[in-house]
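Some notes on the structure that comes next.
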Amino acid sequence: LSFGVQSSYLFGQMQQKETLITNITDSLLATTKNVFLSNLYFKFGLQYHKKINSALTIAAGATGSLQTKLRANTSLVVKSGNTTLIDNQQYNNNFFNLPQMIGGGISATVHDKYTFAADYNYQAWSNLKYAGTGYTLVNSSRYSAGFEYSNKLRLRDQSFEKYFLQAGLFYSDSYLKINGQQLNDLGGTIGAGFTPLRNPKLVVQGALEIGKRG
């Protein structure tokens, strides 16, 4: 059984510009708003790995993260021509919240070649109570299942994949609900890859995804 914590520092910037032309004066009224977001983000995980017998190995895992606040430094500048009308900065300790997230998965590998896997992910957007004109943010879920065939070779004391083939299916309920209808996704993926014999540390992979939204 393994336990881990992933720490990240999230940051980013949004900029909004608006220009108005009035009949009162010939000058333009320009508004510029800059928002810089940041905060620490933690994700927790558990993993269990067990070799049942010489042919079968199973693994299971779970991940989760708590609701996280994004802090914001906001600057607002309003100009009329070359004249600055407003120039101020504001700090907001709770500008936007990232939802609580949980996920889990299980896999079974047979003869070290055939792997079957399934996982589930959930995001609790409804607790944040975000809404706008014609839309709301609601809880989202994603279900996935897949299969992989791996052809492995051993060189000296190391094992690596000569090539592999993958296929999977997924279904998800989006966090976005528009005019009373929650958006959803349904689709499938196929992929393949190989390891060049001259450079076993390099993997070349390609994938194709086909699906439907709404």
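Starting from 1 in every chain, residues are counted up; chains themselves are A, B, ... following the order of the structure tokens, and ligands are numbered from 1 as listed.
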### Query
So which residues touch Tyr48 in chain A within 8 Å, counting only C-alpha atoms, skipping near sequence neighbours fewer than 6 positions away, as a PyMOL selection string?
chain A and resi 1-2+59-61
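The interatomic distance for the pair CA of Gln181 in chain A and CA of Ala131 in chain A works out to 13.6 Å.
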### Message
So that I can check the surroundings of Leu169 in chain A, please list as a ChimeraX atom specification every protein, DNA and RNA residue that reaches within 12 Å of it, counting only C-alpha atoms and ignoring chain neighbours fewer than 4 positions away.
### Response
/A:116-119,142-147,185-190,208-212
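For the choices A:Asn199, A:Gln158, A:Ser107, A:Ser7, the atom-to-atom distance to Ile58 in chain A is smallest for A:Ser107 when using only C-alpha atoms.
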### Task
Pick out the residues sitting within 12 Å of Gln67 in chain A, and hand them over as a list of chain:residue names; count only C-alpha atoms, and ignore anything fewer than 2 positions along from it in its own chain.
A:Asn39, A:Leu40, A:Tyr41, A:Phe42, A:Lys43, A:Gly64, A:Ser65, A:Lys69, A:Leu70, A:Asn94, A:Phe96, A:Asn97, A:Leu98, A:Pro99, A:Gln100, A:Met101, A:Ile102, A:Gln123, A:Ala124, A:Trp125, A:Ser126, A:Asn127, A:Leu128
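Distances from A:Leu46, A:Val35, A:Leu66, A:Leu28 to Gln90 in chain A were compared using only C-alpha atoms, and the smallest one belongs to A:Val35.
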#### Entry: DSSP-assigned strand (DSSP E) members of range 42-162 of chain A, reported as number ranges by chain
A: 42-51, 56-65, 68-80, 83-98, 100-110, 114-124, 131-132, 135-137, 140-155, 158-162
### Query
Looking at only C-alpha atoms, which of A:Gly191, A:His111, A:Gly180, A:Leu202 is the one that sits closest to Lys51 in chain A?
A:His111
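Atom pair CA of Glu148 in chain A / CA of Gln6 in chain A has a distance of 26.9 Å (rounded to one decimal).
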### Query
Which polymer residues have any atom within 7 Å of an atom of range 53-57 of chain A, counting only C-alpha atoms, with same-chain residues fewer than 5 positions away left out, as a count of residues only?
4
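In this model, the gap between CA of Lys17 in chain A and CA of Leu29 in chain A comes to 10.7 Å.
Every protein or nucleic acid residue with an atom no more than 12 Å from Gly206 in chain A, counting only C-alpha atoms and leaving out same-chain residues fewer than 4 positions away, appears here: Tyr163, Phe164, Leu165, Gln166, Ala167, Thr189, Ile190, Gly191, Ala192, Gly193 and Phe194 of chain A.
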Expected file: the selected residues, N, CA and C atoms, as a PDB file, in the first residue's frame:
ATOM      1  N   TYR A 163       6.123  -2.768 -28.316  1.00  0.00           N
ATOM      2  CA  TYR A 163       5.011  -1.972 -28.836  1.00  0.00           C
ATOM      3  C   TYR A 163       3.777  -2.266 -27.990  1.00  0.00           C
ATOM      4  N   PHE A 164       2.755  -1.404 -28.069  1.00  0.00           N
ATOM      5  CA  PHE A 164       1.518  -1.616 -27.326  1.00  0.00           C
ATOM      6  C   PHE A 164       0.338  -1.067 -28.118  1.00  0.00           C
ATOM      7  N   LEU A 165      -0.819  -1.656 -27.868  1.00  0.00           N
ATOM      8  CA  LEU A 165      -2.083  -1.254 -28.489  1.00  0.00           C
ATOM      9  C   LEU A 165      -3.090  -0.961 -27.392  1.00  0.00           C
ATOM     10  N   GLN A 166      -3.875   0.099 -27.563  1.00  0.00           N
ATOM     11  CA  GLN A 166      -4.822   0.520 -26.530  1.00  0.00           C
ATOM     12  C   GLN A 166      -6.183   0.851 -27.131  1.00  0.00           C
ATOM     13  N   ALA A 167      -7.226   0.641 -26.346  1.00  0.00           N
ATOM     14  CA  ALA A 167      -8.589   1.026 -26.742  1.00  0.00           C
ATOM     15  C   ALA A 167      -9.386   1.324 -25.481  1.00  0.00           C
ATOM     16  N   THR A 189     -11.637   5.819 -27.651  1.00  0.00           N
ATOM     17  CA  THR A 189     -10.270   6.143 -28.047  1.00  0.00           C
ATOM     18  C   THR A 189      -9.550   4.880 -28.503  1.00  0.00           C
ATOM     19  N   ILE A 190      -8.619   5.049 -29.425  1.00  0.00           N
ATOM     20  CA  ILE A 190      -7.702   3.987 -29.811  1.00  0.00           C
ATOM     21  C   ILE A 190      -6.305   4.578 -29.878  1.00  0.00           C
ATOM     22  N   GLY A 191      -5.315   3.764 -29.583  1.00  0.00           N
ATOM     23  CA  GLY A 191      -3.953   4.268 -29.588  1.00  0.00           C
ATOM     24  C   GLY A 191      -2.952   3.149 -29.759  1.00  0.00           C
ATOM     25  N   ALA A 192      -1.733   3.523 -30.109  1.00  0.00           N
ATOM     26  CA  ALA A 192      -0.644   2.567 -30.281  1.00  0.00           C
ATOM     27  C   ALA A 192       0.664   3.289 -30.076  1.00  0.00           C
ATOM     28  N   GLY A 193       1.690   2.534 -29.750  1.00  0.00           N
ATOM     29  CA  GLY A 193       3.003   3.118 -29.548  1.00  0.00           C
ATOM     30  C   GLY A 193       4.085   2.063 -29.589  1.00  0.00           C
ATOM     31  N   PHE A 194       5.316   2.507 -29.657  1.00  0.00           N
ATOM     32  CA  PHE A 194       6.442   1.580 -29.688  1.00  0.00           C
ATOM     33  C   PHE A 194       7.668   2.245 -29.072  1.00  0.00           C
TER      34      PHE A 194
END
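Comparing the minimum interatomic distances between Asn34 in chain A and each of A:Leu176, A:Val5, A:Val78, A:Leu153, counting only C-alpha atoms, we find that A:Val78 sits nearest.
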### Query
Using only C-alpha atoms, which of the listed residues (A:Leu37, A:Ala72, A:Val138, A:Leu85) sits closest to Ile178 in chain A?
A:Val138
### Task
Might you pull out every residue within 9 Å of Asn88 in chain A, with only C-alpha atoms counted and same-chain residues fewer than 5 positions away left off, and present them as a list in words?
Thr74, Ser75, Leu76 and Val77 of chain A
Please, could you write that set of residues out with all heavy atoms as a CSV table (one decimal), in the first residue's frame?
chain,number,residue,atom,x,y,z
A,74,THR,N,-6.4,42.3,-8.1
A,74,THR,CA,-7.1,42.9,-9.3
A,74,THR,C,-6.7,44.3,-9.4
A,74,THR,O,-6.7,45.1,-8.4
A,74,THR,CB,-8.7,42.8,-9.0
A,74,THR,OG1,-9.0,41.4,-8.8
A,74,THR,CG2,-9.4,43.4,-10.2
A,75,SER,N,-6.4,44.7,-10.6
A,75,SER,CA,-6.1,46.1,-10.9
A,75,SER,C,-7.1,46.6,-11.9
A,75,SER,O,-7.4,45.9,-12.9
A,75,SER,CB,-4.7,46.3,-11.4
A,75,SER,OG,-4.5,45.7,-12.7
A,76,LEU,N,-7.6,47.8,-11.7
A,76,LEU,CA,-8.6,48.4,-12.6
A,76,LEU,C,-8.2,49.8,-13.0
A,76,LEU,O,-7.9,50.7,-12.2
A,76,LEU,CB,-10.0,48.5,-11.9
A,76,LEU,CG,-11.1,49.2,-12.7
A,76,LEU,CD1,-11.5,48.3,-13.9
A,76,LEU,CD2,-12.4,49.3,-11.8
A,77,VAL,N,-8.1,50.0,-14.3
A,77,VAL,CA,-7.7,51.3,-14.9
A,77,VAL,C,-8.7,51.8,-15.9
A,77,VAL,O,-9.1,51.1,-16.8
A,77,VAL,CB,-6.3,51.3,-15.5
A,77,VAL,CG1,-5.9,52.6,-16.1
A,77,VAL,CG2,-5.2,50.8,-14.6
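Considering only C-alpha atoms, the residue among A:Thr83, A:Gly132, A:Asp157, A:Gln205 positioned nearest to Asn179 in chain A is A:Gly132.
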